[in-house]
file model-v7.tsv (TSV, C-alpha atoms)
chain	number	residue	atom	x	y	z
A	1	MET	CA	21.41	18.29	71.91
A	2	THR	CA	19.83	20.27	74.75
A	3	ILE	CA	17.67	23.12	73.50
A	4	GLU	CA	19.52	26.40	73.91
A	5	LYS	CA	17.51	29.61	74.42
A	6	ARG	CA	18.41	33.09	73.22
A	7	THR	CA	16.73	36.40	72.41
A	8	LEU	CA	16.47	37.69	68.84
A	9	LYS	CA	15.45	41.35	68.75
A	10	LYS	CA	12.64	42.17	66.32
A	11	GLU	CA	14.83	44.70	64.54
A	12	ALA	CA	17.54	42.05	64.10
A	13	VAL	CA	15.39	39.62	62.09
A	14	GLY	CA	16.17	41.35	58.82
A	15	GLU	CA	19.90	41.27	59.47
A	16	PHE	CA	19.69	37.58	60.42
A	17	ILE	CA	18.12	36.86	57.04
A	18	ASN	CA	20.81	38.95	55.33
A	19	ARG	CA	23.51	36.92	57.09
A	20	LEU	CA	21.88	33.66	56.02
A	21	ARG	CA	21.80	34.79	52.40
A	22	ALA	CA	25.40	36.01	52.65
A	23	GLY	CA	26.27	32.56	53.97
A	24	GLN	CA	25.06	31.07	50.67
A	25	TRP	CA	21.67	29.96	51.98
A	26	GLN	CA	18.60	30.43	49.82
A	27	VAL	CA	15.81	31.71	52.09
A	28	VAL	CA	12.20	30.69	51.45
A	29	ALA	CA	9.42	32.31	53.49
A	30	PRO	CA	5.68	33.16	53.43
A	31	LYS	CA	4.87	35.75	50.77
A	32	LYS	CA	1.56	37.44	49.90
A	33	LYS	CA	0.35	36.72	46.38
A	34	ASP	CA	-3.03	38.28	45.62
A	35	LYS	CA	-5.26	36.92	48.41
A	36	GLN	CA	-3.08	33.92	49.17
A	37	VAL	CA	-0.03	33.48	51.37
A	38	THR	CA	2.40	30.92	50.03
A	39	PHE	CA	6.11	30.13	50.23
A	40	GLY	CA	8.67	31.63	47.88
A	41	GLU	CA	12.26	32.82	47.81
A	42	ILE	CA	12.81	36.18	49.49
A	43	SER	CA	15.55	38.77	49.20
A	44	GLY	CA	14.94	40.34	52.62
A	45	ALA	CA	12.67	40.48	55.66
A	46	GLU	CA	10.47	43.07	53.95
A	47	ASP	CA	9.20	40.34	51.61
A	48	ILE	CA	7.82	38.22	54.45
A	49	CYS	CA	4.07	38.18	55.13
A	50	GLN	CA	3.37	37.97	58.86
A	51	ASP	CA	-0.38	38.53	59.14
A	52	TYR	CA	-1.79	35.04	58.67
A	53	VAL	CA	-2.92	32.03	60.68
A	54	GLN	CA	-1.67	29.52	58.12
A	55	THR	CA	-0.27	29.75	54.60
A	56	THR	CA	-2.44	28.54	51.72
A	57	GLN	CA	0.21	26.12	50.52
A	58	SER	CA	2.71	24.36	52.75
A	59	ALA	CA	6.47	24.41	52.28
A	60	LYS	CA	6.48	20.70	51.42
A	61	GLY	CA	7.58	21.43	47.86
A	62	VAL	CA	11.06	22.38	49.09
A	63	LEU	CA	11.66	18.78	50.22
A	64	PHE	CA	9.26	16.99	47.89
A	65	PRO	CA	8.79	19.07	44.70
A	66	ARG	CA	5.44	19.02	42.93
A	67	VAL	CA	7.21	17.92	39.74
A	68	GLU	CA	10.74	16.55	39.99
A	69	GLU	CA	13.04	15.27	37.28
A	70	LEU	CA	14.67	12.09	38.56
A	71	PHE	CA	16.93	11.45	35.57
A	72	ARG	CA	17.36	11.81	31.82
A	73	TYR	CA	18.28	9.04	29.40
A	74	GLN	CA	19.93	9.07	25.99
A	75	MET	CA	20.52	6.08	23.74
A	76	GLN	CA	24.08	5.60	22.49
A	77	GLU	CA	25.83	2.89	20.49
A	78	ASN	CA	26.81	0.98	23.62
A	79	GLY	CA	23.39	1.29	25.27
A	80	ALA	CA	21.42	3.78	27.31
A	81	GLN	CA	23.23	6.57	29.14
A	82	ILE	CA	21.52	7.65	32.38
A	83	LEU	CA	22.09	11.25	33.45
A	84	GLU	CA	20.99	11.60	37.06
A	85	ARG	CA	19.57	14.90	38.20
A	86	GLU	CA	21.95	16.97	40.28
A	87	GLY	CA	20.87	18.15	43.72
A	88	PRO	CA	20.13	21.76	44.62
A	89	PRO	CA	23.24	23.99	44.22
A	90	GLN	CA	22.90	25.54	47.69
A	91	GLY	CA	21.23	24.98	51.02
A	92	THR	CA	17.73	26.29	51.71
A	93	VAL	CA	16.41	27.84	54.90
A	94	ILE	CA	12.63	27.63	55.24
A	95	PHE	CA	11.88	30.65	57.39
A	96	GLY	CA	8.62	31.44	59.18
A	97	LEU	CA	6.65	28.26	58.76
A	98	ARG	CA	4.37	27.14	61.59
A	99	PRO	CA	5.32	24.36	64.05
A	100	CYS	CA	2.75	22.02	62.49
A	101	ASP	CA	4.52	22.34	59.13
A	102	ALA	CA	7.88	21.72	60.76
A	103	ALA	CA	6.44	18.61	62.42
A	104	ALA	CA	5.32	17.39	58.96
A	105	VAL	CA	8.95	16.61	58.11
A	106	ALA	CA	8.66	13.48	60.29
A	107	PRO	CA	5.89	11.72	58.29
A	108	LEU	CA	7.58	12.72	55.02
A	109	ALA	CA	10.92	11.33	56.17
A	110	ALA	CA	9.27	8.19	57.57
A	111	VAL	CA	7.91	7.31	54.13
A	112	PHE	CA	10.88	8.38	51.99
A	113	THR	CA	13.47	6.67	54.20
A	114	TRP	CA	11.41	3.59	55.07
A	115	ASP	CA	12.24	0.32	53.28
A	116	TYR	CA	14.22	2.00	50.49
A	117	PRO	CA	15.91	5.35	51.27
A	118	ASP	CA	14.97	7.90	48.60
A	119	ALA	CA	18.23	9.54	47.51
A	120	PRO	CA	16.79	12.84	46.15
A	121	PHE	CA	14.71	13.36	49.29
A	122	LYS	CA	17.59	12.55	51.66
A	123	LYS	CA	19.93	14.92	49.82
A	124	ARG	CA	17.38	17.72	49.86
A	125	LEU	CA	16.58	17.18	53.55
A	126	ALA	CA	20.28	17.35	54.44
A	127	GLN	CA	20.55	20.69	52.63
A	128	THR	CA	17.46	22.22	54.25
A	129	ALA	CA	17.21	24.05	57.58
A	130	ILE	CA	13.97	25.09	59.25
A	131	VAL	CA	13.43	28.29	61.23
A	132	ALA	CA	9.82	28.09	62.40
A	133	ILE	CA	7.70	30.71	64.19
A	134	SER	CA	5.28	29.69	66.95
A	135	CYS	CA	1.57	30.37	66.52
A	136	HIS	CA	0.17	33.31	68.46
A	137	GLN	CA	-3.24	32.91	66.83
A	138	ALA	CA	-5.34	29.99	65.58
A	139	ASP	CA	-8.73	29.41	63.98
A	140	GLU	CA	-11.49	26.80	64.09
A	141	TYR	CA	-9.67	24.56	61.61
A	142	CYS	CA	-6.51	24.11	63.73
A	143	PHE	CA	-6.18	20.84	65.67
A	144	CYS	CA	-2.44	20.30	66.17
A	145	THR	CA	-2.92	19.37	69.84
A	146	SER	CA	-5.12	16.41	68.83
A	147	VAL	CA	-2.28	14.80	66.85
A	148	GLY	CA	0.56	15.33	69.31
A	149	GLY	CA	1.61	18.86	68.40
A	150	SER	CA	1.21	22.30	69.90
A	151	PRO	CA	1.40	25.98	68.81
A	152	GLY	CA	4.92	26.09	70.24
A	153	ASP	CA	6.11	22.60	69.30
A	154	THR	CA	9.84	22.38	68.53
A	155	ARG	CA	9.67	19.06	66.61
A	156	GLY	CA	11.08	19.36	63.11
A	157	SER	CA	12.53	22.83	63.70
A	158	ASP	CA	16.21	23.63	63.77
A	159	ILE	CA	15.35	26.98	65.36
A	160	LEU	CA	11.94	27.92	66.76
A	161	LEU	CA	11.12	31.60	67.24
A	162	THR	CA	8.30	32.68	69.57
A	163	ARG	CA	7.16	36.29	69.43
A	164	LEU	CA	7.07	37.83	72.91
A	165	SER	CA	4.84	40.63	74.18
A	166	GLY	CA	7.29	43.39	73.26
A	167	GLY	CA	7.82	42.09	69.73
A	168	ASP	CA	11.20	40.44	70.29
A	169	TYR	CA	11.61	36.68	69.82
A	170	LEU	CA	12.55	33.83	72.07
A	171	ALA	CA	14.89	31.73	69.92
A	172	GLU	CA	15.04	28.03	70.79
A	173	ILE	CA	18.05	26.45	69.09
A	174	VAL	CA	16.98	22.84	68.73
A	175	THR	CA	19.58	21.11	66.53
A	176	GLU	CA	23.23	21.29	65.52
A	177	LYS	CA	22.08	22.59	62.16
A	178	GLY	CA	20.26	25.41	63.94
A	179	LYS	CA	23.38	26.13	65.97
A	180	ARG	CA	25.38	26.53	62.76
A	181	LEU	CA	22.83	29.05	61.48
A	182	VAL	CA	23.11	31.06	64.70
A	183	GLU	CA	26.90	31.09	64.35
A	184	LEU	CA	26.46	33.08	61.12
A	185	ALA	CA	24.95	35.89	63.22
A	186	ALA	CA	26.06	35.15	66.78
A	187	ASP	CA	26.07	38.83	67.76
A	188	LEU	CA	22.32	39.07	67.03
A	189	PHE	CA	21.38	36.35	69.52
A	190	THR	CA	21.60	37.71	73.06
A	191	VAL	CA	20.87	36.29	76.51
A	192	ALA	CA	17.65	34.31	76.94
A	193	PRO	CA	14.54	36.33	77.88
A	194	LYS	CA	12.81	35.91	81.25
A	195	GLU	CA	9.31	36.09	79.78
A	196	GLU	CA	7.42	32.80	79.66
A	197	LYS	CA	6.85	31.22	76.26
A	198	GLU	CA	3.44	29.66	76.93
A	199	LYS	CA	1.53	32.87	77.56
A	200	ASN	CA	2.45	34.06	74.05
A	201	LEU	CA	1.04	31.00	72.27
A	202	ALA	CA	-2.37	30.43	70.72
A	203	ARG	CA	-4.80	28.19	72.57
A	204	VAL	CA	-5.85	25.10	70.59
A	205	GLU	CA	-8.25	22.75	72.37
A	206	LYS	CA	-7.59	19.02	72.09
A	207	ARG	CA	-10.60	17.54	70.29
A	208	PHE	CA	-9.74	13.82	70.09
A	209	ASP	CA	-7.02	11.32	71.02
A	210	ALA	CA	-5.02	10.21	67.96
A	211	LYS	CA	-3.83	6.97	69.59
A	212	LYS	CA	-7.35	5.92	70.56
A	213	LEU	CA	-8.57	6.88	67.08
A	214	ALA	CA	-5.89	4.66	65.50
A	215	GLU	CA	-7.05	1.74	67.64
A	216	LYS	CA	-10.67	2.35	66.69
A	217	LEU	CA	-10.34	2.85	62.94
A	218	PRO	CA	-9.78	-0.80	61.87
A	219	GLY	CA	-13.21	-1.65	63.28
A	220	PHE	CA	-14.75	1.09	61.13
A	221	PHE	CA	-13.48	-0.34	57.83
A	222	ASP	CA	-16.93	-1.56	56.71
A	223	SER	CA	-18.85	1.25	58.41
A	224	PRO	CA	-21.45	3.27	56.44
A	225	VAL	CA	-19.81	6.38	57.90
A	226	TRP	CA	-17.49	6.56	54.87
A	227	ILE	CA	-20.43	6.89	52.48
A	228	GLU	CA	-22.02	9.54	54.67
A	229	GLN	CA	-18.83	11.56	54.97
A	230	SER	CA	-17.87	11.36	51.29
A	231	LEU	CA	-21.22	12.30	49.71
A	232	ARG	CA	-19.99	15.81	48.93
A	233	CYS	CA	-16.45	14.83	47.90
A	234	LEU	CA	-15.58	15.87	44.33
A	235	GLY	CA	-12.32	13.92	44.22
A	236	CYS	CA	-10.56	17.14	43.23
A	237	GLY	CA	-7.40	16.47	45.26
A	238	ALA	CA	-7.24	19.97	46.78
A	239	CYS	CA	-6.84	18.48	50.26
A	240	ALA	CA	-3.81	16.43	49.19
A	241	TYR	CA	-2.14	19.27	47.31
A	242	VAL	CA	-2.22	21.66	50.27
A	243	CYS	CA	-1.32	18.98	52.85
A	244	PRO	CA	2.23	19.22	54.25
A	245	ALA	CA	2.32	15.49	55.03
A	246	CYS	CA	0.78	13.80	51.94
A	247	VAL	CA	3.31	11.67	50.07
A	248	CYS	CA	1.41	10.11	47.14
A	249	PHE	CA	3.20	10.45	43.80
A	250	ASP	CA	3.12	9.15	40.24
A	251	ILE	CA	5.99	8.43	37.86
A	252	GLN	CA	5.74	9.79	34.31
A	253	ASP	CA	8.13	9.18	31.41
A	254	GLU	CA	8.49	11.80	28.68
A	255	GLY	CA	10.46	11.17	25.51
A	256	ASN	CA	10.98	8.65	22.74
A	257	GLU	CA	13.21	5.70	21.91
A	258	LYS	CA	16.28	7.98	21.63
A	259	ARG	CA	16.06	10.31	24.62
A	260	GLY	CA	13.75	11.38	27.39
A	261	ARG	CA	13.33	11.95	31.10
A	262	ARG	CA	11.56	10.44	34.10
A	263	LEU	CA	9.47	12.69	36.34
A	264	ARG	CA	8.00	12.25	39.80
A	265	CYS	CA	4.75	14.18	40.25
A	266	TRP	CA	2.39	14.72	43.16
A	267	ASP	CA	-0.67	12.47	43.10
A	268	SER	CA	-3.60	11.76	45.41
A	269	CYS	CA	-5.36	8.65	46.67
A	270	GLY	CA	-8.56	10.69	46.27
A	271	PHE	CA	-8.27	10.62	42.47
A	272	SER	CA	-10.38	8.04	40.69
A	273	GLN	CA	-7.45	6.85	38.55
A	274	PHE	CA	-4.99	6.47	41.44
A	275	THR	CA	-5.68	2.74	41.82
A	276	LEU	CA	-7.01	2.05	38.32
A	277	HIS	CA	-5.44	-1.14	36.90
A	278	THR	CA	-4.51	-1.58	33.25
A	279	SER	CA	-7.21	-4.25	33.05
A	280	GLY	CA	-9.83	-1.63	33.88
A	281	HIS	CA	-10.44	-2.97	37.38
A	282	ASN	CA	-10.32	-0.42	40.20
A	283	PRO	CA	-10.14	-1.78	43.78
A	284	ARG	CA	-11.31	1.62	45.06
A	285	SER	CA	-13.92	2.39	42.44
A	286	VAL	CA	-16.13	4.78	44.44
A	287	GLN	CA	-15.33	7.96	46.34
A	288	SER	CA	-16.31	6.56	49.75
A	289	GLN	CA	-13.55	3.93	49.43
A	290	ARG	CA	-11.04	6.61	48.49
A	291	TRP	CA	-12.08	8.84	51.42
A	292	ARG	CA	-11.72	5.85	53.74
A	293	GLN	CA	-8.24	5.17	52.36
A	294	ARG	CA	-7.17	8.77	52.99
A	295	LEU	CA	-8.17	8.69	56.66
A	296	MET	CA	-7.07	5.12	57.31
A	297	HIS	CA	-3.66	5.80	55.76
A	298	LYS	CA	-3.00	8.89	57.85
A	299	PHE	CA	-4.48	7.82	61.16
A	300	SER	CA	-4.18	4.01	61.18
A	301	TYR	CA	-1.76	2.54	58.62
A	302	GLN	CA	1.09	5.05	59.10
A	303	PRO	CA	0.96	5.00	62.92
A	304	ASP	CA	0.94	1.20	62.81
A	305	ARG	CA	3.72	0.72	60.25
A	306	LEU	CA	5.88	3.81	60.68
A	307	ASP	CA	5.03	4.96	64.22
A	308	VAL	CA	4.01	8.43	63.02
A	309	VAL	CA	0.62	10.06	62.39
A	310	GLY	CA	0.26	11.21	58.78
A	311	CYS	CA	-1.44	14.46	59.79
A	312	VAL	CA	-0.20	17.48	61.75
A	313	GLY	CA	-3.53	19.24	62.32
A	314	CYS	CA	-2.78	22.31	60.20
A	315	GLY	CA	-6.37	22.42	58.90
A	316	ARG	CA	-5.42	23.34	55.33
A	317	CYS	CA	-7.49	20.54	53.81
A	318	SER	CA	-10.69	21.86	55.39
A	319	ARG	CA	-9.91	25.46	54.48
A	320	ALA	CA	-9.20	24.51	50.86
A	321	CYS	CA	-12.12	22.12	50.30
A	322	PRO	CA	-14.53	23.63	47.71
A	323	VAL	CA	-17.50	21.75	49.20
A	324	ASP	CA	-16.69	22.46	52.87
A	325	MET	CA	-15.72	18.96	53.99
A	326	ASN	CA	-14.21	19.38	57.44
A	327	LEU	CA	-11.63	16.74	58.38
A	328	LEU	CA	-11.72	17.63	62.07
A	329	GLU	CA	-15.49	17.14	62.22
A	330	HIS	CA	-15.18	13.76	60.50
A	331	LEU	CA	-12.44	12.60	62.87
A	332	ILE	CA	-14.46	13.66	65.92
A	333	GLN	CA	-17.49	11.78	64.52
A	334	ILE	CA	-15.43	8.58	64.27
A	335	ALA	CA	-13.66	9.08	67.62
A	336	GLU	CA	-16.97	9.57	69.42
A	337	GLY	CA	-18.93	7.03	67.34

call {"tool": "encode", "arguments": {"input": "model-v7.tsv", "output": "structure tokens"}}
result
Amino acid sequence: MTIEKRTLKKEAVGEFINRLRAGQWQVVAPKKKDKQVTFGEISGAEDICQDYVQTTQSAKGVLFPRVEELFRYQMQENGAQILEREGPPQGTVIFGLRPCDAAAVAPLAAVFTWDYPDAPFKKRLAQTAIVAISCHQADEYCFCTSVGGSPGDTRGSDILLTRLSGGDYLAEIVTEKGKRLVELAADLFTVAPKEEKEKNLARVEKRFDAKKLAEKLPGFFDSPVWIEQSLRCLGCGACAYVCPACVCFDIQDEGNEKRGRRLRCWDSCGFSQFTLHTSGHNPRSVQSQRWRQRLMHKFSYQPDRLDVVGCVGCGRCSRACPVDMNLLEHLIQIAEG
């Protein structure tokens, strides 16, 4: 559909959230917890943290939970009974995430609906709506413009809000799902503002070309650059666990011969046991090979196979790294090498 523009007054944001909750939507938004800003369910606009460049954790867990029960089993006289996990009881609105996080839905969906559509993910995605807020500030870790995004990118959003100079919001209604949300509070969305969107957005310089990088990476497979870049890597997985676009997971079974359950849990290709075979052989036995896999997967394999970059330039991995490995610096080194 054509993007429809409206104005949402700053004082009407709270009422919009109230209408969403009254419409049986669970609302998840950035909340301050100690020194971190992360996503959690809110009861009103007063719970939302607004003073941040980027949240510590992404909202990925709404669509792809950190630990998810896929099914339970119970042995009976006539064989095993499988009890599939029911989907979420109500829809969820993710409110206030940044455009880069909204854009991360595309690489997640590309993987989970690729050769075999993942039923739990598809059901959760259908029951989730995204109301993002454009970035009016950025820091040295942000590089969305290098991977096809921007501080005011509408991709992945059902509604994108951009804060204008007076504090009101330009509301861009991007999808039919977003239009249905607006219909719950149609009186709050007035005529489109005349103020330009771009002048209210953060400035993020483009540092490299993702397409040219994808073309270059296969020739770097045997390069010593991977050893150089990974010397400090602890293999802790912090980068993967804060990333909104990482999709690695493990399957764990808990139970006994009578009953139990199967769980899907986040994993990371940076962990030493991720590719460990039962025989003891590990095809990626050293950290430089695992670091290479992480970058090749996001910037070469996924663009080639799924036509989507596996990174949205949010910069969380570099902010979270305990040994100050900076992904942007590494990508620039390769792009210019």

call {"tool": "atom_distance", "arguments": {"input": "model-v7.tsv", "atom1": "CA of Pro303 in chain A", "atom2": "CA of Phe221 in chain A"}}
result
16.2 Å

call {"tool": "closest_residue", "arguments": {"input": "model-v7.tsv", "among": "A:Thr7, A:Ser318, A:Ser157, A:Gln273", "to": "Leu170 in chain A", "atoms": "only C-alpha atoms"}}
result
A:Thr7

call {"tool": "closest_atom_pairs", "arguments": {"input": "model-v7.tsv", "of": "range 279-299 of chain A", "to": "range 223-246 of chain A", "cutoff": "9 Å", "atoms": "all atoms listed in the file", "output": "Markdown table"}}
result
| residue | atom | partner | partner_atom | distance |
| --- | --- | --- | --- | --- |
| A:Gln287 | CA | A:Ser230 | CA | 6.5 |
| A:Ser288 | CA | A:Ile227 | CA | 5.0 |
| A:Gln289 | CA | A:Trp226 | CA | 7.2 |
| A:Arg290 | CA | A:Gly235 | CA | 8.6 |
| A:Trp291 | CA | A:Ser230 | CA | 6.3 |
| A:Arg292 | CA | A:Trp226 | CA | 5.9 |
| A:Lys298 | CA | A:Cys246 | CA | 8.6 |

call {"tool": "atom_distance", "arguments": {"input": "model-v7.tsv", "atom1": "CA of Ile334 in chain A", "atom2": "CA of Gly313 in chain A"}}
result
16.1 Å

call {"tool": "atom_distance", "arguments": {"input": "model-v7.tsv", "atom1": "CA of Arg261 in chain A", "atom2": "CA of Gln76 in chain A"}}
result
15.2 Å

call {"tool": "closest_residue", "arguments": {"input": "model-v7.tsv", "among": "A:Ile3, A:Cys314, A:Asn282, A:Pro30", "to": "Ala104 in chain A", "atoms": "all atoms listed in the file"}}
result
A:Cys314

call {"tool": "residues_around", "arguments": {"input": "model-v7.tsv", "residues": "Leu70 in chain A", "least_positions_apart": "6", "cutoff": "9 Å", "atoms": "all atoms listed in the file", "output": "compact mmCIF listing (two decimals) with C-alpha atoms, in the coordinates of the input"}}
result
# COMPACT_ATOMS: atom_id res chain seq x y z
CA GLU A 84 20.99 11.60 37.06
CA ARG A 85 19.57 14.90 38.20
CA GLU A 86 21.95 16.97 40.28
CA PRO A 120 16.79 12.84 46.15
CA ARG A 261 13.33 11.95 31.10
CA ARG A 262 11.56 10.44 34.10
CA LEU A 263 9.47 12.69 36.34
CA ARG A 264 8.00 12.25 39.80

call {"tool": "closest_residue", "arguments": {"input": "model-v7.tsv", "among": "A:Asp304, A:Glu69, A:Asp118, A:Glu140", "to": "Glu254 in chain A", "atoms": "only C-alpha atoms"}}
result
A:Glu69

call {"tool": "closest_residue", "arguments": {"input": "model-v7.tsv", "among": "A:Ser134, A:Gln81, A:Gln24, A:Thr56", "to": "Ile159 in chain A", "atoms": "only C-alpha atoms"}}
result
A:Ser134

call {"tool": "residues_around", "arguments": {"input": "model-v7.tsv", "residues": "Asp250 in chain A", "least_positions_apart": "5", "cutoff": "7 Å", "atoms": "all atoms listed in the file", "output": "tab-separated table (two decimals) with C-alpha atoms, in the frame of the given file"}}
result
chain	number	residue	atom	x	y	z
A	264	ARG	CA	8.00	12.25	39.80
A	265	CYS	CA	4.75	14.18	40.25
A	266	TRP	CA	2.39	14.72	43.16
A	267	ASP	CA	-0.67	12.47	43.10

call {"tool": "axis_aligned_box", "arguments": {"input": "model-v7.tsv", "around": "range 271-283 of chain A", "padding_each_side": "6 Å", "output": "AutoDock Vina command-line options"}}
result
--center_x -7.5 --center_y 3.2 --center_z 38.4 --size_x 17.9 --size_y 26.9 --size_z 22.7

call {"tool": "residues_around", "arguments": {"input": "model-v7.tsv", "residues": "Val111 in chain A", "least_positions_apart": "4", "cutoff": "10 Å", "atoms": "only C-alpha atoms", "output": "number ranges by chain"}}
result
A: 106-107, 115-118, 245-248, 302, 305-306, 308, 310

call {"tool": "residues_around", "arguments": {"input": "model-v7.tsv", "residues": "range 182-193 of chain A", "least_positions_apart": "6", "cutoff": "12 Å", "atoms": "all atoms listed in the file", "output": "NGL selection string"}}
result
:A and (3-25 or 129 or 131 or 158-166 or 168-176)

call {"tool": "residues_around", "arguments": {"input": "model-v7.tsv", "residues": "Ala119 in chain A", "least_positions_apart": "6", "cutoff": "10 Å", "atoms": "all atoms listed in the file", "output": "tab-separated table (two decimals) with C-alpha atoms, keeping the file's coordinate frame"}}
result
chain	number	residue	atom	x	y	z
A	70	LEU	CA	14.67	12.09	38.56
A	87	GLY	CA	20.87	18.15	43.72
A	112	PHE	CA	10.88	8.38	51.99
A	113	THR	CA	13.47	6.67	54.20
A	125	LEU	CA	16.58	17.18	53.55

call {"tool": "closest_residue", "arguments": {"input": "model-v7.tsv", "among": "A:Tyr73, A:Phe143, A:Phe95, A:Phe64", "to": "Phe39 in chain A", "atoms": "all atoms listed in the file"}}
result
A:Phe95

call {"tool": "decode", "arguments": {"input": "model-v7.tsv", "residues": "range 299-321 of chain A", "atoms": "N, CA and C atoms", "output": "compact mmCIF listing (two decimals), in the first residue's frame"}}
result
# COMPACT_ATOMS: atom_id res chain seq x y z
N PHE A 299 27.46 -11.21 5.63
CA PHE A 299 27.73 -10.27 4.55
C PHE A 299 28.03 -10.93 3.21
N SER A 300 28.09 -12.27 3.16
CA SER A 300 28.33 -12.95 1.90
C SER A 300 27.30 -14.06 1.65
N TYR A 301 27.22 -15.04 2.57
CA TYR A 301 26.34 -16.18 2.35
C TYR A 301 24.86 -15.79 2.29
N GLN A 302 24.40 -14.99 3.27
CA GLN A 302 22.99 -14.60 3.27
C GLN A 302 22.61 -13.71 2.08
N PRO A 303 23.43 -12.71 1.73
CA PRO A 303 23.08 -11.94 0.52
C PRO A 303 23.04 -12.81 -0.73
N ASP A 304 23.94 -13.79 -0.80
CA ASP A 304 23.99 -14.65 -1.98
C ASP A 304 22.80 -15.60 -2.04
N ARG A 305 22.46 -16.23 -0.92
CA ARG A 305 21.42 -17.26 -0.92
C ARG A 305 20.02 -16.70 -0.68
N LEU A 306 19.91 -15.67 0.14
CA LEU A 306 18.59 -15.19 0.55
C LEU A 306 18.31 -13.76 0.11
N ASP A 307 19.27 -13.13 -0.55
CA ASP A 307 19.12 -11.77 -1.06
C ASP A 307 18.83 -10.77 0.06
N VAL A 308 19.47 -10.96 1.21
CA VAL A 308 19.32 -10.03 2.32
C VAL A 308 20.61 -10.03 3.14
N VAL A 309 21.05 -8.86 3.57
CA VAL A 309 22.24 -8.75 4.41
C VAL A 309 21.84 -9.14 5.83
N GLY A 310 22.68 -9.93 6.49
CA GLY A 310 22.36 -10.41 7.83
C GLY A 310 22.79 -9.46 8.93
N CYS A 311 22.84 -8.18 8.62
CA CYS A 311 23.25 -7.15 9.59
C CYS A 311 22.49 -5.89 9.25
N VAL A 312 22.07 -5.14 10.29
CA VAL A 312 21.32 -3.91 10.07
C VAL A 312 22.06 -2.67 10.55
N GLY A 313 23.31 -2.85 10.99
CA GLY A 313 24.13 -1.71 11.37
C GLY A 313 23.75 -1.04 12.67
N CYS A 314 23.14 -1.79 13.59
CA CYS A 314 22.72 -1.19 14.86
C CYS A 314 23.89 -0.91 15.80
N GLY A 315 25.01 -1.63 15.62
CA GLY A 315 26.19 -1.40 16.42
C GLY A 315 26.20 -2.05 17.79
N ARG A 316 25.16 -2.83 18.12
CA ARG A 316 25.09 -3.43 19.46
C ARG A 316 26.28 -4.35 19.75
N CYS A 317 26.71 -5.11 18.73
CA CYS A 317 27.78 -6.08 18.95
C CYS A 317 29.04 -5.38 19.43
N SER A 318 29.36 -4.23 18.83
CA SER A 318 30.56 -3.50 19.21
C SER A 318 30.40 -2.85 20.58
N ARG A 319 29.21 -2.37 20.88
CA ARG A 319 28.98 -1.78 22.21
C ARG A 319 29.07 -2.83 23.31
N ALA A 320 28.62 -4.04 23.01
CA ALA A 320 28.55 -5.09 24.03
C ALA A 320 29.85 -5.86 24.20
N CYS A 321 30.75 -5.79 23.23
CA CYS A 321 31.95 -6.63 23.25
C CYS A 321 32.83 -6.29 24.46
